[in-house]
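Participant: What follows is the file work-v1.pdb, containing PDB, C-alpha atoms:
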```pdb
ATOM      1  CA  MET A  29      41.291  81.721 -51.426
ATOM      2  CA  ARG A  30      42.858  82.578 -48.096
ATOM      3  CA  MET A  31      45.013  85.714 -47.950
ATOM      4  CA  ILE A  32      47.103  87.100 -45.092
ATOM      5  CA  SER A  33      48.678  90.546 -44.618
ATOM      6  CA  TRP A  34      51.163  91.397 -41.864
ATOM      7  CA  ASN A  35      53.334  94.398 -41.045
ATOM      8  CA  VAL A  36      56.275  92.510 -39.545
ATOM      9  CA  ASN A  37      58.244  95.627 -38.489
ATOM     10  CA  GLY A  38      61.567  94.054 -39.480
ATOM     11  CA  LEU A  39      61.456  90.602 -41.049
ATOM     12  CA  ARG A  40      64.903  89.534 -39.893
ATOM     13  CA  ALA A  41      63.826  89.991 -36.266
ATOM     14  CA  VAL A  42      60.540  88.146 -36.786
ATOM     15  CA  LEU A  43      62.359  85.238 -38.455
ATOM     16  CA  LYS A  44      63.882  84.581 -35.008
ATOM     17  CA  LYS A  45      60.395  84.501 -33.477
ATOM     18  CA  GLY A  46      58.878  81.675 -35.528
ATOM     19  CA  PHE A  47      57.826  83.551 -38.667
ATOM     20  CA  GLU A  48      58.129  80.541 -40.970
ATOM     21  CA  ASP A  49      56.076  78.349 -38.617
ATOM     22  CA  ILE A  50      53.380  81.035 -38.422
ATOM     23  CA  VAL A  51      53.186  81.267 -42.219
ATOM     24  CA  CYS A  52      52.960  77.492 -42.529
ATOM     25  CA  GLN A  53      50.171  77.359 -39.936
ATOM     26  CA  PHE A  54      48.149  79.906 -41.883
ATOM     27  CA  ASP A  55      48.710  77.922 -45.108
ATOM     28  CA  ALA A  56      47.365  80.904 -47.047
ATOM     29  CA  ASP A  57      47.314  81.117 -50.831
ATOM     30  CA  VAL A  58      48.882  84.579 -50.686
ATOM     31  CA  VAL A  59      50.881  86.248 -47.887
ATOM     32  CA  ALA A  60      51.700  89.974 -48.004
ATOM     33  CA  LEU A  61      54.279  91.658 -45.789
ATOM     34  CA  GLN A  62      55.012  95.278 -45.007
ATOM     35  CA  GLU A  63      57.988  96.956 -43.327
ATOM     36  CA  THR A  64      60.358  94.116 -44.168
ATOM     37  CA  LYS A  65      63.326  96.481 -43.560
ATOM     38  CA  LEU A  66      65.835  94.635 -45.714
ATOM     39  CA  GLN A  67      67.645  94.657 -49.048
ATOM     40  CA  ALA A  68      67.964  91.947 -51.682
ATOM     41  CA  GLY A  69      69.676  88.870 -50.266
ATOM     42  CA  GLN A  70      69.577  89.877 -46.584
ATOM     43  CA  ALA A  71      67.158  87.106 -45.591
ATOM     44  CA  THR A  72      66.721  83.531 -46.729
ATOM     45  CA  LEU A  73      63.360  81.887 -46.124
ATOM     46  CA  ASP A  74      62.541  78.193 -45.991
ATOM     47  CA  LEU A  75      59.099  78.418 -47.596
ATOM     48  CA  PRO A  76      59.407  76.307 -50.752
ATOM     49  CA  GLN A  77      55.641  76.291 -51.292
ATOM     50  CA  TYR A  78      55.712  80.012 -52.132
ATOM     51  CA  ARG A  79      57.055  82.180 -54.911
ATOM     52  CA  GLU A  80      58.568  85.377 -53.475
ATOM     53  CA  PHE A  81      58.299  88.916 -54.819
ATOM     54  CA  TRP A  82      60.062  91.793 -53.052
ATOM     55  CA  SER A  83      60.185  95.582 -53.242
ATOM     56  CA  TYR A  84      63.027  97.354 -51.451
ATOM     57  CA  ALA A  85      63.598 100.875 -50.183
ATOM     58  CA  GLU A  86      66.709 102.677 -51.379
ATOM     59  CA  LYS A  87      67.381 103.520 -47.727
ATOM     60  CA  LYS A  88      68.760 100.465 -45.948
ATOM     61  CA  GLY A  89      66.784  99.003 -43.059
ATOM     62  CA  TYR A  90      63.653 100.934 -43.978
ATOM     63  CA  SER A  91      60.165 100.221 -45.307
ATOM     64  CA  GLY A  92      59.919  97.416 -47.905
ATOM     65  CA  THR A  93      57.140  95.053 -48.966
ATOM     66  CA  ALA A  94      56.844  91.465 -50.162
ATOM     67  CA  VAL A  95      54.269  89.020 -51.487
ATOM     68  CA  PHE A  96      54.514  85.232 -51.201
ATOM     69  CA  THR A  97      52.132  83.310 -53.425
ATOM     70  CA  LYS A  98      51.497  79.666 -54.271
ATOM     71  CA  GLU A  99      50.300  80.577 -57.765
ATOM     72  CA  GLU A 100      52.693  82.148 -60.262
ATOM     73  CA  PRO A 101      51.483  85.639 -61.223
ATOM     74  CA  LEU A 102      51.203  86.777 -64.806
ATOM     75  CA  GLN A 103      53.353  89.805 -63.947
ATOM     76  CA  VAL A 104      54.442  91.805 -60.890
ATOM     77  CA  LEU A 105      54.747  95.588 -60.577
ATOM     78  CA  HIS A 106      57.043  97.305 -58.071
ATOM     79  CA  GLY A 107      55.753 100.868 -57.883
ATOM     80  CA  LEU A 108      53.130 103.460 -58.753
ATOM     81  CA  GLY A 109      55.039 105.140 -61.590
ATOM     82  CA  PHE A 110      56.403 108.216 -59.776
ATOM     83  CA  SER A 111      60.107 108.073 -58.932
ATOM     84  CA  HIS A 112      59.798 110.253 -55.812
ATOM     85  CA  LEU A 113      57.063 107.966 -54.458
ATOM     86  CA  ASP A 114      58.637 104.677 -55.530
ATOM     87  CA  ASN A 115      62.015 104.873 -53.794
ATOM     88  CA  GLU A 116      60.774 103.369 -50.518
ATOM     89  CA  GLY A 117      59.637  99.939 -51.746
ATOM     90  CA  ARG A 118      56.014 100.390 -50.735
ATOM     91  CA  ILE A 119      54.214  98.463 -53.498
ATOM     92  CA  VAL A 120      54.105  94.893 -54.783
ATOM     93  CA  ALA A 121      51.241  94.321 -57.241
ATOM     94  CA  CYS A 122      50.705  90.838 -58.673
ATOM     95  CA  GLU A 123      48.412  90.153 -61.610
ATOM     96  CA  PHE A 124      46.592  86.816 -61.530
ATOM     97  CA  PRO A 125      44.107  85.514 -64.116
ATOM     98  CA  GLU A 126      41.073  86.572 -62.047
ATOM     99  CA  TYR A 127      42.291  89.642 -60.137
ATOM    100  CA  TRP A 128      45.125  91.970 -59.130
ATOM    101  CA  PHE A 129      46.642  91.552 -55.657
ATOM    102  CA  VAL A 130      48.206  94.765 -54.308
ATOM    103  CA  CYS A 131      50.353  94.880 -51.165
ATOM    104  CA  VAL A 132      50.891  98.419 -49.849
ATOM    105  CA  TYR A 133      52.763 100.079 -47.011
ATOM    106  CA  THR A 134      51.325 103.593 -46.902
ATOM    107  CA  PRO A 135      53.685 106.384 -45.740
ATOM    108  CA  ASN A 136      53.227 107.616 -42.184
ATOM    109  CA  ALA A 137      52.272 111.290 -41.863
ATOM    110  CA  GLN A 138      54.685 111.496 -38.883
ATOM    111  CA  ASN A 139      54.543 113.589 -35.731
ATOM    112  CA  GLU A 140      52.736 116.909 -36.098
ATOM    113  CA  LEU A 141      51.821 115.769 -39.634
ATOM    114  CA  ALA A 142      55.322 116.678 -40.830
ATOM    115  CA  ARG A 143      54.919 114.494 -43.919
ATOM    116  CA  ILE A 144      51.236 115.120 -44.602
ATOM    117  CA  ASP A 145      51.782 116.665 -48.062
ATOM    118  CA  HIS A 146      53.735 113.608 -49.190
ATOM    119  CA  ARG A 147      51.051 111.401 -47.675
ATOM    120  CA  MET A 148      48.246 113.205 -49.508
ATOM    121  CA  GLU A 149      50.099 112.877 -52.815
ATOM    122  CA  TRP A 150      50.675 109.201 -52.133
ATOM    123  CA  ASP A 151      47.010 108.536 -51.315
ATOM    124  CA  ASP A 152      45.868 110.148 -54.573
ATOM    125  CA  ALA A 153      48.476 108.299 -56.640
ATOM    126  CA  PHE A 154      47.664 104.975 -54.989
ATOM    127  CA  ARG A 155      43.926 105.383 -55.572
ATOM    128  CA  ASP A 156      44.541 106.200 -59.247
ATOM    129  CA  PHE A 157      46.922 103.235 -59.517
ATOM    130  CA  CYS A 158      44.327 100.765 -58.204
ATOM    131  CA  LYS A 159      41.533 102.191 -60.339
ATOM    132  CA  GLY A 160      43.876 101.985 -63.328
ATOM    133  CA  LEU A 161      44.489  98.293 -62.696
ATOM    134  CA  GLU A 162      40.730  97.729 -62.538
ATOM    135  CA  GLU A 163      40.424  99.375 -65.929
ATOM    136  CA  GLY A 164      43.420  97.590 -67.453
ATOM    137  CA  VAL A 165      45.763 100.600 -67.433
ATOM    138  CA  LEU A 166      49.368 100.014 -66.356
ATOM    139  CA  PRO A 167      51.490 102.879 -65.037
ATOM    140  CA  ALA A 168      54.588 103.718 -67.061
ATOM    141  CA  GLY A 169      58.112 103.617 -65.676
ATOM    142  CA  VAL A 170      57.542 100.872 -63.098
ATOM    143  CA  PRO A 171      59.933  97.913 -62.612
ATOM    144  CA  VAL A 172      58.085  94.818 -63.772
ATOM    145  CA  GLU A 173      58.712  91.088 -63.409
ATOM    146  CA  ARG A 174      57.658  89.027 -66.400
ATOM    147  CA  ALA A 175      58.760  85.591 -67.533
ATOM    148  CA  GLY A 176      60.529  85.257 -70.862
ATOM    149  CA  ALA A 177      60.299  82.395 -73.341
ATOM    150  CA  ASP A 178      62.780  80.385 -71.260
ATOM    151  CA  GLY A 179      60.625  80.747 -68.133
ATOM    152  CA  ASN A 180      63.112  83.061 -66.416
ATOM    153  CA  VAL A 181      62.471  86.673 -65.464
ATOM    154  CA  VAL A 182      63.352  89.160 -68.189
ATOM    155  CA  LEU A 183      66.119  91.523 -67.019
ATOM    156  CA  ARG A 184      67.441  94.828 -68.293
ATOM    157  CA  PRO A 185      70.406  94.428 -70.676
ATOM    158  CA  GLU A 186      72.520  96.533 -68.300
ATOM    159  CA  ALA A 187      71.532  94.591 -65.155
ATOM    160  CA  GLY A 188      74.477  94.222 -62.789
ATOM    161  CA  ARG A 189      76.733  96.621 -64.656
ATOM    162  CA  GLY A 190      79.099  98.385 -62.254
ATOM    163  CA  GLU A 191      77.307  97.051 -59.168
ATOM    164  CA  GLY A 192      80.142  94.952 -57.783
ATOM    165  CA  LYS A 193      83.093  95.822 -55.583
ATOM    166  CA  ASN A 194      85.032  98.852 -56.827
ATOM    167  CA  GLY A 195      82.566  99.251 -59.687
ATOM    168  CA  ALA A 196      83.015  95.767 -61.102
ATOM    169  CA  ASP A 197      80.188  94.183 -63.061
ATOM    170  CA  VAL A 198      77.927  91.594 -61.438
ATOM    171  CA  VAL A 199      76.696  88.788 -63.658
ATOM    172  CA  PRO A 200      72.949  88.353 -63.008
ATOM    173  CA  GLU A 201      71.826  84.787 -62.485
ATOM    174  CA  SER A 202      68.805  83.695 -64.485
ATOM    175  CA  ALA A 203      65.888  82.719 -62.274
ATOM    176  CA  PRO A 204      62.231  81.831 -62.744
ATOM    177  CA  MET A 205      59.422  84.051 -61.455
ATOM    178  CA  GLY A 206      59.455  84.311 -57.681
ATOM    179  CA  ASP A 207      62.707  82.437 -57.064
ATOM    180  CA  GLY A 208      64.178  84.359 -54.146
ATOM    181  CA  HIS A 209      65.369  87.955 -54.015
ATOM    182  CA  LEU A 210      65.815  89.896 -57.247
ATOM    183  CA  PRO A 211      67.100  93.502 -57.212
ATOM    184  CA  THR A 212      64.334  95.644 -58.678
ATOM    185  CA  GLN A 213      66.886  97.832 -60.490
ATOM    186  CA  TRP A 214      67.610  94.816 -62.717
ATOM    187  CA  LEU A 215      64.043  94.767 -64.014
ATOM    188  CA  PRO A 216      62.806  96.464 -67.186
ATOM    189  CA  LEU A 217      60.303  99.308 -66.866
ATOM    190  CA  THR A 218      56.727  99.386 -68.057
ATOM    191  CA  GLN A 219      56.254 101.559 -71.125
ATOM    192  CA  PRO A 220      53.700 104.327 -71.795
ATOM    193  CA  GLY A 221      50.436 102.970 -73.121
ATOM    194  CA  GLU A 222      50.847  99.425 -71.808
ATOM    195  CA  SER A 223      47.609  97.742 -70.861
ATOM    196  CA  ALA A 224      46.296  94.595 -69.247
ATOM    197  CA  GLN A 225      42.938  92.882 -69.042
ATOM    198  CA  PRO A 226      40.518  94.824 -66.811
ATOM    199  CA  LYS A 227      39.893  92.903 -63.607
ATOM    200  CA  PRO A 228      39.020  93.540 -59.959
ATOM    201  CA  VAL A 229      41.577  94.424 -57.295
ATOM    202  CA  VAL A 230      42.315  92.974 -53.875
ATOM    203  CA  MET A 231      44.512  95.370 -51.881
ATOM    204  CA  CYS A 232      45.943  94.918 -48.425
ATOM    205  CA  GLY A 233      48.527  96.239 -46.050
ATOM    206  CA  ASP A 234      49.296  98.882 -43.492
ATOM    207  CA  PHE A 235      47.312 101.947 -44.615
ATOM    208  CA  ASN A 236      48.493 103.965 -41.594
ATOM    209  CA  VAL A 237      45.034 105.354 -40.861
ATOM    210  CA  ALA A 238      42.221 104.443 -38.498
ATOM    211  CA  HIS A 239      39.187 105.170 -40.625
ATOM    212  CA  ASN A 240      36.514 105.823 -37.999
ATOM    213  CA  GLU A 241      36.285 106.270 -34.231
ATOM    214  CA  ILE A 242      35.401 102.592 -33.835
ATOM    215  CA  ASP A 243      38.828 101.767 -35.290
ATOM    216  CA  LEU A 244      40.924 102.982 -32.353
ATOM    217  CA  LYS A 245      40.656 102.786 -28.581
ATOM    218  CA  ASN A 246      41.067 106.504 -27.825
ATOM    219  CA  PRO A 247      39.713 108.575 -30.711
ATOM    220  CA  GLY A 248      39.260 111.799 -28.750
ATOM    221  CA  PRO A 249      42.863 112.462 -27.683
ATOM    222  CA  ASN A 250      44.150 111.272 -31.071
ATOM    223  CA  ARG A 251      41.972 113.428 -33.282
ATOM    224  CA  GLY A 252      44.237 115.361 -35.606
ATOM    225  CA  ASN A 253      47.270 113.183 -34.908
ATOM    226  CA  ALA A 254      49.065 111.149 -37.563
ATOM    227  CA  GLY A 255      46.881 108.181 -38.458
ATOM    228  CA  PHE A 256      43.656 109.869 -37.307
ATOM    229  CA  SER A 257      43.778 113.263 -38.980
ATOM    230  CA  ASP A 258      40.858 114.591 -40.986
ATOM    231  CA  GLU A 259      43.110 114.691 -44.058
ATOM    232  CA  GLU A 260      44.078 111.009 -43.884
ATOM    233  CA  ARG A 261      40.590 109.813 -43.018
ATOM    234  CA  GLY A 262      39.206 111.887 -45.889
ATOM    235  CA  LYS A 263      41.552 110.214 -48.360
ATOM    236  CA  PHE A 264      40.466 106.813 -47.088
ATOM    237  CA  ASP A 265      36.856 107.892 -47.653
ATOM    238  CA  LYS A 266      37.787 108.761 -51.235
ATOM    239  CA  LEU A 267      39.400 105.353 -51.722
ATOM    240  CA  LEU A 268      36.255 103.564 -50.588
ATOM    241  CA  ASP A 269      34.045 105.921 -52.588
ATOM    242  CA  ALA A 270      36.104 105.075 -55.692
ATOM    243  CA  GLY A 271      34.582 101.601 -55.581
ATOM    244  CA  PHE A 272      36.307  99.562 -52.867
ATOM    245  CA  THR A 273      34.988  97.718 -49.808
ATOM    246  CA  ASP A 274      36.580  97.481 -46.360
ATOM    247  CA  THR A 275      36.198  93.722 -45.941
ATOM    248  CA  PHE A 276      36.514  93.591 -42.152
ATOM    249  CA  ARG A 277      34.067  96.387 -41.459
ATOM    250  CA  SER A 278      31.609  95.044 -44.034
ATOM    251  CA  THR A 279      31.485  91.730 -42.160
ATOM    252  CA  HIS A 280      31.864  93.160 -38.625
ATOM    253  CA  PRO A 281      30.093  96.539 -38.861
ATOM    254  CA  ASP A 282      29.715  97.140 -35.126
ATOM    255  CA  LEU A 283      32.563  95.150 -33.586
ATOM    256  CA  VAL A 284      34.552  97.286 -31.127
ATOM    257  CA  GLY A 285      38.000  96.525 -29.768
ATOM    258  CA  ALA A 286      39.198  95.030 -33.044
ATOM    259  CA  TYR A 287      42.683  96.418 -33.602
ATOM    260  CA  SER A 288      45.770  95.428 -35.599
ATOM    261  CA  TRP A 289      48.461  97.725 -34.144
ATOM    262  CA  TRP A 290      49.485  98.639 -30.607
ATOM    263  CA  SER A 291      52.210 100.981 -29.416
ATOM    264  CA  TYR A 292      55.105  99.358 -27.586
ATOM    265  CA  ARG A 293      54.566 101.949 -24.837
ATOM    266  CA  PHE A 294      52.239 101.945 -21.807
ATOM    267  CA  ASN A 295      51.337  98.224 -22.037
ATOM    268  CA  ALA A 296      49.126  99.131 -24.971
ATOM    269  CA  ARG A 297      48.762  95.604 -26.317
ATOM    270  CA  LYS A 298      48.080  94.104 -22.892
ATOM    271  CA  ASN A 299      45.349  96.711 -22.406
ATOM    272  CA  ASN A 300      44.168  96.438 -26.022
ATOM    273  CA  ALA A 301      44.667 100.180 -26.517
ATOM    274  CA  GLY A 302      45.139  99.747 -30.232
ATOM    275  CA  TRP A 303      44.338 100.960 -33.701
ATOM    276  CA  ARG A 304      42.946  99.174 -36.753
ATOM    277  CA  ILE A 305      45.226 100.423 -39.517
ATOM    278  CA  ASP A 306      45.808  97.176 -41.440
ATOM    279  CA  TYR A 307      43.159  96.345 -44.015
ATOM    280  CA  PHE A 308      41.968  94.174 -46.844
ATOM    281  CA  LEU A 309      39.961  96.152 -49.397
ATOM    282  CA  VAL A 310      38.385  94.652 -52.514
ATOM    283  CA  SER A 311      36.748  96.073 -55.597
ATOM    284  CA  ASP A 312      33.036  96.394 -54.943
ATOM    285  CA  ALA A 313      32.428  93.724 -57.594
ATOM    286  CA  LEU A 314      34.138  91.204 -55.268
ATOM    287  CA  ALA A 315      32.239  92.229 -52.128
ATOM    288  CA  PRO A 316      29.570  89.502 -52.516
ATOM    289  CA  ARG A 317      32.389  86.931 -52.605
ATOM    290  CA  ILE A 318      33.802  87.768 -49.172
ATOM    291  CA  GLN A 319      33.652  84.618 -47.041
ATOM    292  CA  ALA A 320      35.456  85.895 -43.940
ATOM    293  CA  ALA A 321      37.637  88.788 -42.779
ATOM    294  CA  SER A 322      39.767  88.317 -39.681
ATOM    295  CA  ILE A 323      42.222  89.967 -37.311
ATOM    296  CA  TYR A 324      44.670  87.511 -35.726
ATOM    297  CA  ASN A 325      45.543  89.451 -32.586
ATOM    298  CA  GLU A 326      46.869  86.340 -30.871
ATOM    299  CA  VAL A 327      49.853  86.226 -33.258
ATOM    300  CA  LEU A 328      52.874  87.939 -31.724
ATOM    301  CA  GLY A 329      56.259  88.971 -33.087
ATOM    302  CA  SER A 330      55.528  92.524 -34.247
ATOM    303  CA  ASP A 331      53.705  95.600 -33.004
ATOM    304  CA  HIS A 332      51.129  94.724 -35.692
ATOM    305  CA  CYS A 333      49.211  91.468 -35.954
ATOM    306  CA  PRO A 334      48.228  89.715 -39.185
ATOM    307  CA  VAL A 335      44.880  90.362 -40.842
ATOM    308  CA  GLY A 336      43.189  87.966 -43.219
ATOM    309  CA  LEU A 337      40.607  87.560 -45.950
ATOM    310  CA  GLU A 338      38.849  84.532 -47.353
ATOM    311  CA  LEU A 339      37.429  85.129 -50.801
ATOM    312  CA  ASP A 340      35.403  82.875 -53.086
ATOM    313  CA  LEU A 341      36.925  83.248 -56.536
ATOM    314  CA  GLY A 342      35.395  80.061 -57.928
TER     315      GLY A 342
END
```
For this file, produce the structure as structure tokens.
Facilitator:
Amino acid sequence: MRMISWNVNGLRAVLKKGFEDIVCQFDADVVALQETKLQAGQATLDLPQYREFWSYAEKKGYSGTAVFTKEEPLQVLHGLGFSHLDNEGRIVACEFPEYWFVCVYTPNAQNELARIDHRMEWDDAFRDFCKGLEEGVLPAGVPVERAGADGNVVLRPEAGRGEGKNGADVVPESAPMGDGHLPTQWLPLTQPGESAQPKPVVMCGDFNVAHNEIDLKNPGPNRGNAGFSDEERGKFDKLLDAGFTDTFRSTHPDLVGAYSWWSYRFNARKNNAGWRIDYFLVSDALAPRIQAASIYNEVLGSDHCPVGLELDLG
């Protein structure tokens, strides 16, 4: 299995820079995107080999995540189960027969850690969410994509009601799993007590934290800043301690200069003054199956570059 994760920092802009060609060249089994910055229907992709699953922020042009996969998932979750954390489209979690695949765009703590309390709450909720999936526990109140008996996604009975011009109803079109953009407000919600088969988790995305000093070019001046605060690094420690492995650092324990994000200022990318804040983590049970973990810093189009994982699930 080859998996790719990329914070595209605005998918509509990257589509003009060869995004579809880049995805085809990777030919990955699963592709995860963060910071898509669009709403349902605002981009059309020519990637017929993939099924598409999207989470959108309520705020237009902000945040957003997506997963493209060659294999149809058993079900797809679009949140953690807390309304105040789930209104920014930061989660797409796909259940496959052997594992869960979780794409995440972690909130930024912002300048002077203005949003650190929200970030700390998010980190705790996300860790509990992933551990719950490992144990077969589904969060309640989360929009969920599941196929019905006819093969199409099951929608809420009230889907499309009053969503048209001047409050007119919109008639939802039936579609199979992963067939283009589907407004998440049309989806039914998971119910309290729902469960799934326990299975390991593969998670990836922009975690908005450089874990250790080796993970950014200038750790000294950045200590305490957003992305390298003790609070954020401590939460990442807790995530790993909960039973997850940083795939890149496990395979490249001492590699310096390996970064996935560079500021647009001060020629940071040209000088490789970057940060490693994009990760693939796996349940510790999958750690022996890691074949390769990569950072594709030659791929342009965003201030982040793609990161990848090859995993033996045979």
Participant: Determine, counting only C-alpha atoms, which protein, DNA and RNA residues have an atom within 10 Å of an atom of His280 (chain A); residues of the same chain fewer than 5 positions away are not included. Present the result as a PyMOL selection string.
Facilitator: chain A and resi 275+286+320-322
Participant: Which residue gives the smallest distance to Gly252 (chain A) among A:Leu268, A:Leu161, A:Leu141, A:Ile119, with all atoms listed in the file counted?
Facilitator: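 Among A:Leu268, A:Leu161, A:Leu141, A:Ile119, it is A:Leu141 that comes nearest to Gly252 (chain A).
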Participant: Enumerate, as a list in words, the protein, DNA and RNA residues whose atoms approach (44.0, 103.1, -40.7) to within 8 Å, taking into account all atoms listed in the file and the coordinate frame of the file.
Facilitator: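 So the residues meeting the distance criterion are Asp234, Phe235, Asn236, Val237, Ala238, His239, Asp243, Gly255, Phe256, Arg261, Trp303, Arg304, Ile305, Asp306 and Tyr307 of chain A.
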Participant: Excluding same-chain residues fewer than 2 positions from Pro135 (chain A), what lies within 7 Å of it counting only C-alpha atoms, as number ranges by chain?
Facilitator: A: 133, 137, 147
Participant: Evaluate the PyMOL selection byres ((chain A and resi 227-231) around 8) on the structure here and hand back the selected residues as an mmCIF file with C-alpha atoms, in the frame of the given file.
Facilitator:
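Output below, filename expr_20.cif:
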```cif
data_model
loop_
_atom_site.group_PDB
_atom_site.id
_atom_site.type_symbol
_atom_site.label_atom_id
_atom_site.label_comp_id
_atom_site.auth_asym_id
_atom_site.auth_seq_id
_atom_site.Cartn_x
_atom_site.Cartn_y
_atom_site.Cartn_z
ATOM 1 C CA GLU A 126 41.073 86.572 -62.047
ATOM 2 C CA TYR A 127 42.291 89.642 -60.137
ATOM 3 C CA TRP A 128 45.125 91.970 -59.130
ATOM 4 C CA PHE A 129 46.642 91.552 -55.657
ATOM 5 C CA VAL A 130 48.206 94.765 -54.308
ATOM 6 C CA CYS A 131 50.353 94.880 -51.165
ATOM 7 C CA VAL A 132 50.891 98.419 -49.849
ATOM 8 C CA CYS A 158 44.327 100.765 -58.204
ATOM 9 C CA LEU A 161 44.489 98.293 -62.696
ATOM 10 C CA GLU A 162 40.730 97.729 -62.538
ATOM 11 C CA GLU A 163 40.424 99.375 -65.929
ATOM 12 C CA GLY A 164 43.420 97.590 -67.453
ATOM 13 C CA GLN A 225 42.938 92.882 -69.042
ATOM 14 C CA PRO A 226 40.518 94.824 -66.811
ATOM 15 C CA CYS A 232 45.943 94.918 -48.425
ATOM 16 C CA GLY A 233 48.527 96.239 -46.050
ATOM 17 C CA PHE A 308 41.968 94.174 -46.844
ATOM 18 C CA LEU A 309 39.961 96.152 -49.397
ATOM 19 C CA VAL A 310 38.385 94.652 -52.514
ATOM 20 C CA SER A 311 36.748 96.073 -55.597
ATOM 21 C CA ALA A 313 32.428 93.724 -57.594
ATOM 22 C CA LEU A 314 34.138 91.204 -55.268
#
```
Participant: Using CA of Trp290 (chain A) and CA of Ser330 (chain A) as the two end points, give the distance in Å to one decimal.
Facilitator: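 Going from CA of Trp290 (chain A) over to CA of Ser330 (chain A) covers 9.3 Å.
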Participant: What does the distance from CA of Glu149 (chain A) to CA of Gly117 (chain A) come to in Å, to one decimal?
Facilitator: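 Separation between CA of Glu149 (chain A) and CA of Gly117 (chain A): 16.1 Å.
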Participant: Need the shell around Tyr292 (chain A): protein/DNA/RNA residues with any atom at most 7 Å away, counting only C-alpha atoms. Skip same-chain ones fewer than 3 positions apart. Format as an MDAnalysis selection string?
Facilitator: chainID A and resid 295:296 331
Participant: Any chance you could work out the residue set of the PyMOL selection byres ((chain A and resi 59-65) around 8) here, as a ChimeraX atom specification?
Facilitator: /A:31-40,51,56-58,66-67,84-85,88-97,118,131-133,232-234
Participant: To one decimal in Å, tell me the separation between CA of Gly192 (chain A) and CA of Lys87 (chain A).
Facilitator: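 These atoms are spaced 18.4 Å apart.
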Participant: Can you turn the PyMOL selection byres ((chain A and resi 183) around 7) into a concrete residue list for this file, as an MDAnalysis selection string?
Facilitator: chainID A and resid 181:182 184:185 187 214:216
Participant: Using all atoms listed in the file, pick whichever of A:Ser83, A:Gln103, A:Gln70, A:Thr273 has the shortest atom-to-atom distance to Ser223 (chain A).
Facilitator: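 Among the listed residues, the smallest separation from Ser223 (chain A) belongs to A:Gln103.
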Participant: Using all atoms listed in the file, which of the listed residues (A:Ile242, A:Gly160, A:Glu260, A:Ala68) sits closest to Ile144 (chain A)?
Facilitator: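 Of all the options, A:Glu260 lies closest to Ile144 (chain A).
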